[in-house]
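Read the structure below first, then the notes.
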Amino acid sequence: MHPLICLVSVLAATPASSSPTSSSTAPRWEKVFEAPGGTKGWLSSVLATPAGDWFAGGKWGVTRNGKEEEETPGATILGLSDQGAAGVFAVGSDELVLRFDGKAWLKEHVGPKAKRRGHGADLLDSMFVDAKPDAPLVAHGPSLVLARRPDATWAPVPEADGKKLLLLAELGPPSARPPKCSLRAWMWLGRGLAWFACHDGRTFLYGNGAVAPKGTLAKECKASISAVGNGGPDVYVGCAGKLWKTGEEGWRPIEAPKDERELRAISVAKGCMYLAGRYTVWRNCALQEQPPATAAFSGIPSG
Amino acid sequence: MSNTAPLSFSMDSSPPTGPSIPTANEVQAMGVIGLDLGKTGRKILMNQIGAALGIPPGGFHGQAKLFDGHDVRIVSLLAKLAKEQSAKRIAANLDRAGRYTNVPLMLAVVTTAREHSKGLTASGDHLVDSFNEGGLDFLWAEKNRLGLPNSVTRPWVQRLPKIINPETGNQVEAAWIPAHDEFLAYAAQLGASYNYNFKVNLNVALGTEADGAVSRASRPAMLAWAAYAFLAPGGREFDPKKTLASQLGQHFGSRTALDYVEHMAKKAAGTPDLDLLIKDPHLNHTEWVRSAKTRAAETLFLERLWKRARELLPH
């Protein structure tokens, strides 16, 4: 494992730091990274952390702050997650699990090379599906579920438990859904924190058993949602190439980067929002720093 | 009439008369009759059907194989139909698909059997992943053009985050759907591919000749077109300046083939002939056409069994 110096030309005007500016009416989107390899390279995910770093992963591997690269020859990064003290995890094809410990990337797991093309060895995300302190960290793909053991190795979860974890990871706990909510989409945003939408358009933030309403989704998002992220209690959704934000006042459109048609991932931290398009990572630091997401649940009894 | 009498196939390939959805008894009888034909009877019947579709005796090899060793490939499907429990489940899925779609149901059976055979007997309202368990990678994106009522699609859940295909980098728009909708989803997708992709491409390629071409086409050819539109709805534009052989391949989708039909009609100063798909052996050099013909052949085979089942069973 060797961090490489970034091969990519970063934007002309990289801010000196990612600290937030004061609230501004005009979002300022800047290109901070382009996937190596031109049209053959592409991005799958972006992640901003409270420590002020940002990561982007894709076909070639993963970058930290657009400067340090970890290449993953033959494997593709498909998901990134920040698991606090446990570190930042990058997961991908061939059961690949990488962990960034603050200094370097460690390869914690890789599966045997698949004999056949397929998705059975893909990992898409890693998360604590249970908010309890002793809950295991799991990484999952369309069919595979791995759990991290205390010695930092990963092992497949037995099928029956794996299926339950997979459903929890993909669809959340059924008990979270309010009355008359036919689930339309569910997305975990952090440990114990998720956003979900019902078919009637209602949206909610779910945290540790409580549910906070987040307004009715814009009509433009009826067909398909492409990405979801949160900055504290505010939720951002990408749909039909547009970006939407919910706050106390409900959903409203906000400016998305021009010329970006495919919003693949959203991540917000330290007052900056990062968007991953197919080839480009964009940053906008003209956001107000938000209180923690738990603020959304004030006054709502825990379930 | 014995159910072991040999079955034959003629160009009269109409579906069985009577109700458009088979009963559980009919489904089971189809399996039993098919198994009772024996290897030889099944091979003879399948080769007769294959001949009508321009499939060489013994079928194609590879993905589009019609025969497996000394028997037809769908013998395992026949065994499934012949079991009472699975026949009931399949009939329930056929009933649901028949109520909400307007596609040849046996083509939907064959398609599901090849794409994800568990979908044939899937039941219950527990959610299954259309990507992992069904191969319907764009079901969520297609949802609104499948022609299904909201009451059916309301329990469907969009898969988030979207999956990215590690090989292509393209996003997949799959959905979680109740298990009992899996077969229905294949049927609806077949219908949408035919009604939108095929018909639009047909009108673009043949213009005012489109309707006439469809009415003149044989049923085996139209089944093959429907299967083709499901497998490869698009494709590159056919380039009349290049040879056909140089254009056959992954990008020779059903749209390309329709352009080819139009090109051949112009060349012969005649009317467009959609049966060209089953008559022109050069088209067999593309995997899509081989697969489409194989699926059409298996569809006609099942329909032949269905006809016999309906003749034999008391009304």
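Here, A, B, ... name the chains of the structure tokens in the order displayed, residue numbers run from 1 inside each chain, and ligands are numbered from 1 in the same displayed order.
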
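Residues with any atom within 9 Å of Gly229 of chain A, counting only C-alpha atoms and excluding same-chain neighbours fewer than 5 positions away, are A:Met187, A:Leu189, A:Trp195, A:Asp234, A:Val235, A:Tyr236, A:Val237, A:Gly238, A:Ala265, A:Ile266, A:Ser267, A:Val268.
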
Report task. Do me a favour and pick out the residues of chain A within 6 Å of chain B, using only C-alpha atoms, as number ranges by chain. Result -> A: 142, 184-185, 187

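Across the model, the gap from atom CA of Asp122 of chain A to atom CA of Glu71 of chain A is 17.3 Å.
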
Contacts of Tyr186 of chain B within 10 Å, only C-alpha atoms, excl. fewer than 5 positions in-chain, as a PDB file with N, CA and C atoms, in the first residue's frame:
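Result written to around.pdb:
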ATOM      1  N   ALA B  97     -49.997 -11.676 -13.994  1.00  0.00           N
ATOM      2  CA  ALA B  97     -49.414 -11.043 -15.192  1.00  0.00           C
ATOM      3  C   ALA B  97     -50.468 -10.855 -16.279  1.00  0.00           C
ATOM      4  N   LEU B 107     -44.202 -16.473 -23.519  1.00  0.00           N
ATOM      5  CA  LEU B 107     -42.936 -15.769 -23.741  1.00  0.00           C
ATOM      6  C   LEU B 107     -42.419 -15.212 -22.406  1.00  0.00           C
ATOM      7  N   ALA B 108     -43.353 -14.763 -21.580  1.00  0.00           N
ATOM      8  CA  ALA B 108     -42.956 -14.281 -20.247  1.00  0.00           C
ATOM      9  C   ALA B 108     -42.421 -15.437 -19.402  1.00  0.00           C
ATOM     10  N   VAL B 109     -43.026 -16.623 -19.554  1.00  0.00           N
ATOM     11  CA  VAL B 109     -42.539 -17.804 -18.806  1.00  0.00           C
ATOM     12  C   VAL B 109     -41.109 -18.135 -19.225  1.00  0.00           C
ATOM     13  N   THR B 111     -38.938 -16.234 -20.738  1.00  0.00           N
ATOM     14  CA  THR B 111     -38.017 -15.146 -20.382  1.00  0.00           C
ATOM     15  C   THR B 111     -37.627 -15.245 -18.914  1.00  0.00           C
ATOM     16  N   THR B 112     -38.608 -15.417 -18.053  1.00  0.00           N
ATOM     17  CA  THR B 112     -38.322 -15.506 -16.619  1.00  0.00           C
ATOM     18  C   THR B 112     -37.480 -16.736 -16.325  1.00  0.00           C
ATOM     19  N   GLU B 115     -33.978 -15.787 -17.302  1.00  0.00           N
ATOM     20  CA  GLU B 115     -33.356 -14.669 -16.580  1.00  0.00           C
ATOM     21  C   GLU B 115     -33.200 -14.970 -15.093  1.00  0.00           C
ATOM     22  N   HIS B 116     -34.237 -15.483 -14.482  1.00  0.00           N
ATOM     23  CA  HIS B 116     -34.191 -15.800 -13.046  1.00  0.00           C
ATOM     24  C   HIS B 116     -35.320 -16.762 -12.739  1.00  0.00           C
ATOM     25  N   GLY B 119     -38.185 -16.737 -10.148  1.00  0.00           N
ATOM     26  CA  GLY B 119     -39.286 -15.788 -10.297  1.00  0.00           C
ATOM     27  C   GLY B 119     -40.578 -16.437 -10.768  1.00  0.00           C
ATOM     28  N   LEU B 120     -40.467 -17.600 -11.411  1.00  0.00           N
ATOM     29  CA  LEU B 120     -41.663 -18.289 -11.900  1.00  0.00           C
ATOM     30  C   LEU B 120     -42.569 -18.730 -10.757  1.00  0.00           C
ATOM     31  N   GLY B 134     -33.074 -10.822  -9.702  1.00  0.00           N
ATOM     32  CA  GLY B 134     -33.899 -10.869 -10.902  1.00  0.00           C
ATOM     33  C   GLY B 134     -33.235 -10.432 -12.188  1.00  0.00           C
ATOM     34  N   GLY B 135     -32.163  -9.696 -12.074  1.00  0.00           N
ATOM     35  CA  GLY B 135     -31.509  -9.206 -13.286  1.00  0.00           C
ATOM     36  C   GLY B 135     -32.285  -8.100 -13.984  1.00  0.00           C
ATOM     37  N   LEU B 136     -33.289  -7.542 -13.303  1.00  0.00           N
ATOM     38  CA  LEU B 136     -34.027  -6.400 -13.868  1.00  0.00           C
ATOM     39  C   LEU B 136     -33.342  -5.138 -13.350  1.00  0.00           C
ATOM     40  N   LEU B 139     -35.426  -1.639 -13.365  1.00  0.00           N
ATOM     41  CA  LEU B 139     -36.858  -1.745 -13.088  1.00  0.00           C
ATOM     42  C   LEU B 139     -37.421  -0.454 -12.499  1.00  0.00           C
ATOM     43  N   LEU B 146     -44.314   0.868 -17.473  1.00  0.00           N
ATOM     44  CA  LEU B 146     -44.674  -0.543 -17.570  1.00  0.00           C
ATOM     45  C   LEU B 146     -46.173  -0.747 -17.722  1.00  0.00           C
ATOM     46  N   ASP B 181     -44.364 -10.176  -7.442  1.00  0.00           N
ATOM     47  CA  ASP B 181     -44.360  -9.283  -8.610  1.00  0.00           C
ATOM     48  C   ASP B 181     -43.220  -9.588  -9.570  1.00  0.00           C
ATOM     49  N   GLY B 191     -43.639  -6.283 -22.311  1.00  0.00           N
ATOM     50  CA  GLY B 191     -44.672  -5.462 -22.953  1.00  0.00           C
ATOM     51  C   GLY B 191     -44.160  -4.061 -23.247  1.00  0.00           C
ATOM     52  N   ALA B 192     -43.454  -3.470 -22.274  1.00  0.00           N
ATOM     53  CA  ALA B 192     -42.952  -2.100 -22.462  1.00  0.00           C
ATOM     54  C   ALA B 192     -41.904  -2.064 -23.574  1.00  0.00           C
ATOM     55  N   PHE B 230     -36.872  -7.075 -26.065  1.00  0.00           N
ATOM     56  CA  PHE B 230     -36.579  -7.198 -24.630  1.00  0.00           C
ATOM     57  C   PHE B 230     -35.068  -7.307 -24.422  1.00  0.00           C
TER      58      PHE B 230
END

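In this structure, atom CA of Gly124 of chain B sits 27.7 Å away from atom CA of Ala121 of chain A.
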
DSSP strand (DSSP E) residues within segment 109-239 of chain A, listed as an mmCIF file with C-alpha atoms, in the first residue's frame:
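Okay, states-v1.cif is ready:
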data_model
loop_
_atom_site.group_PDB
_atom_site.id
_atom_site.type_symbol
_atom_site.label_atom_id
_atom_site.label_comp_id
_atom_site.auth_asym_id
_atom_site.auth_seq_id
_atom_site.Cartn_x
_atom_site.Cartn_y
_atom_site.Cartn_z
ATOM 1 C CA HIS A 109 -9.896 -7.674 3.323
ATOM 2 C CA ASP A 125 -21.279 0.149 1.625
ATOM 3 C CA SER A 126 -20.128 -0.375 5.182
ATOM 4 C CA MET A 127 -22.078 0.605 8.250
ATOM 5 C CA PHE A 128 -23.106 -0.129 11.776
ATOM 6 C CA LEU A 137 -19.471 -3.073 11.542
ATOM 7 C CA VAL A 138 -20.763 -4.759 8.416
ATOM 8 C CA ALA A 139 -19.968 -4.317 4.765
ATOM 9 C CA HIS A 140 -22.568 -5.377 2.250
ATOM 10 C CA VAL A 145 -22.551 -9.431 3.852
ATOM 11 C CA LEU A 146 -19.266 -9.356 5.765
ATOM 12 C CA ALA A 147 -18.800 -8.485 9.438
ATOM 13 C CA ARG A 148 -15.667 -6.996 10.945
ATOM 14 C CA TRP A 154 -13.684 -9.665 7.931
ATOM 15 C CA ALA A 155 -15.813 -12.775 7.652
ATOM 16 C CA PRO A 156 -19.026 -13.620 5.807
ATOM 17 C CA LEU A 183 -41.649 2.926 1.716
ATOM 18 C CA ARG A 184 -40.309 4.504 -1.474
ATOM 19 C CA ALA A 185 -36.598 4.767 -0.602
ATOM 20 C CA TRP A 186 -34.375 4.339 2.419
ATOM 21 C CA MET A 187 -30.814 5.544 2.888
ATOM 22 C CA TRP A 188 -28.540 5.354 5.913
ATOM 23 C CA LEU A 189 -26.630 8.586 6.419
ATOM 24 C CA GLY A 190 -24.574 7.673 9.460
ATOM 25 C CA LEU A 193 -29.191 7.939 11.253
ATOM 26 C CA ALA A 194 -31.183 7.481 8.057
ATOM 27 C CA TRP A 195 -33.437 9.347 5.646
ATOM 28 C CA PHE A 196 -36.441 7.798 4.033
ATOM 29 C CA ALA A 197 -39.339 8.707 1.772
ATOM 30 C CA CYS A 198 -42.830 7.303 1.458
ATOM 31 C CA ARG A 202 -43.525 12.440 2.783
ATOM 32 C CA THR A 203 -39.929 12.295 3.912
ATOM 33 C CA PHE A 204 -38.426 11.663 7.320
ATOM 34 C CA LEU A 205 -35.183 11.609 9.196
ATOM 35 C CA TYR A 206 -34.764 8.541 11.381
ATOM 36 C CA GLY A 207 -32.417 8.527 14.330
ATOM 37 C CA ALA A 210 -37.207 8.441 16.586
ATOM 38 C CA VAL A 211 -38.621 9.877 13.387
ATOM 39 C CA ALA A 212 -38.655 13.556 12.403
ATOM 40 C CA PRO A 213 -40.768 14.742 9.442
ATOM 41 C CA LYS A 214 -38.782 16.523 6.733
ATOM 42 C CA GLY A 215 -41.499 17.718 4.396
ATOM 43 C CA THR A 216 -42.928 16.487 1.122
ATOM 44 C CA ALA A 227 -28.191 10.758 -4.166
ATOM 45 C CA VAL A 228 -28.922 11.709 -0.564
ATOM 46 C CA GLY A 229 -26.745 13.405 2.032
ATOM 47 C CA ASN A 230 -27.172 15.434 5.183
ATOM 48 C CA GLY A 231 -25.583 18.354 6.928
ATOM 49 C CA ASP A 234 -30.734 19.373 6.797
ATOM 50 C CA VAL A 235 -31.099 16.779 4.085
ATOM 51 C CA TYR A 236 -29.957 17.182 0.492
ATOM 52 C CA VAL A 237 -31.332 15.130 -2.347
ATOM 53 C CA GLY A 238 -30.215 14.942 -5.951
ATOM 54 C CA CYS A 239 -32.830 14.164 -8.556
#

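The space between atom CA of Gly249 of chain B and atom CA of Trp288 of chain B spans 8.2 Å.
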
Report task. Go through segment 131-197 of chain B and collect every residue that DSSP, computed from the backbone, puts in alpha helix (DSSP H); the answer should be as a ChimeraX atom specification. Result -> /B:139-142,150-153,182-192

Query raised in the report: What lies within 12 Å of Gly62 of chain B using only C-alpha atoms, ignoring chain neighbours under 2 positions off, as a ChimeraX atom specification?
Result: /B:59-60,64-68,73,286-288,290-291,294
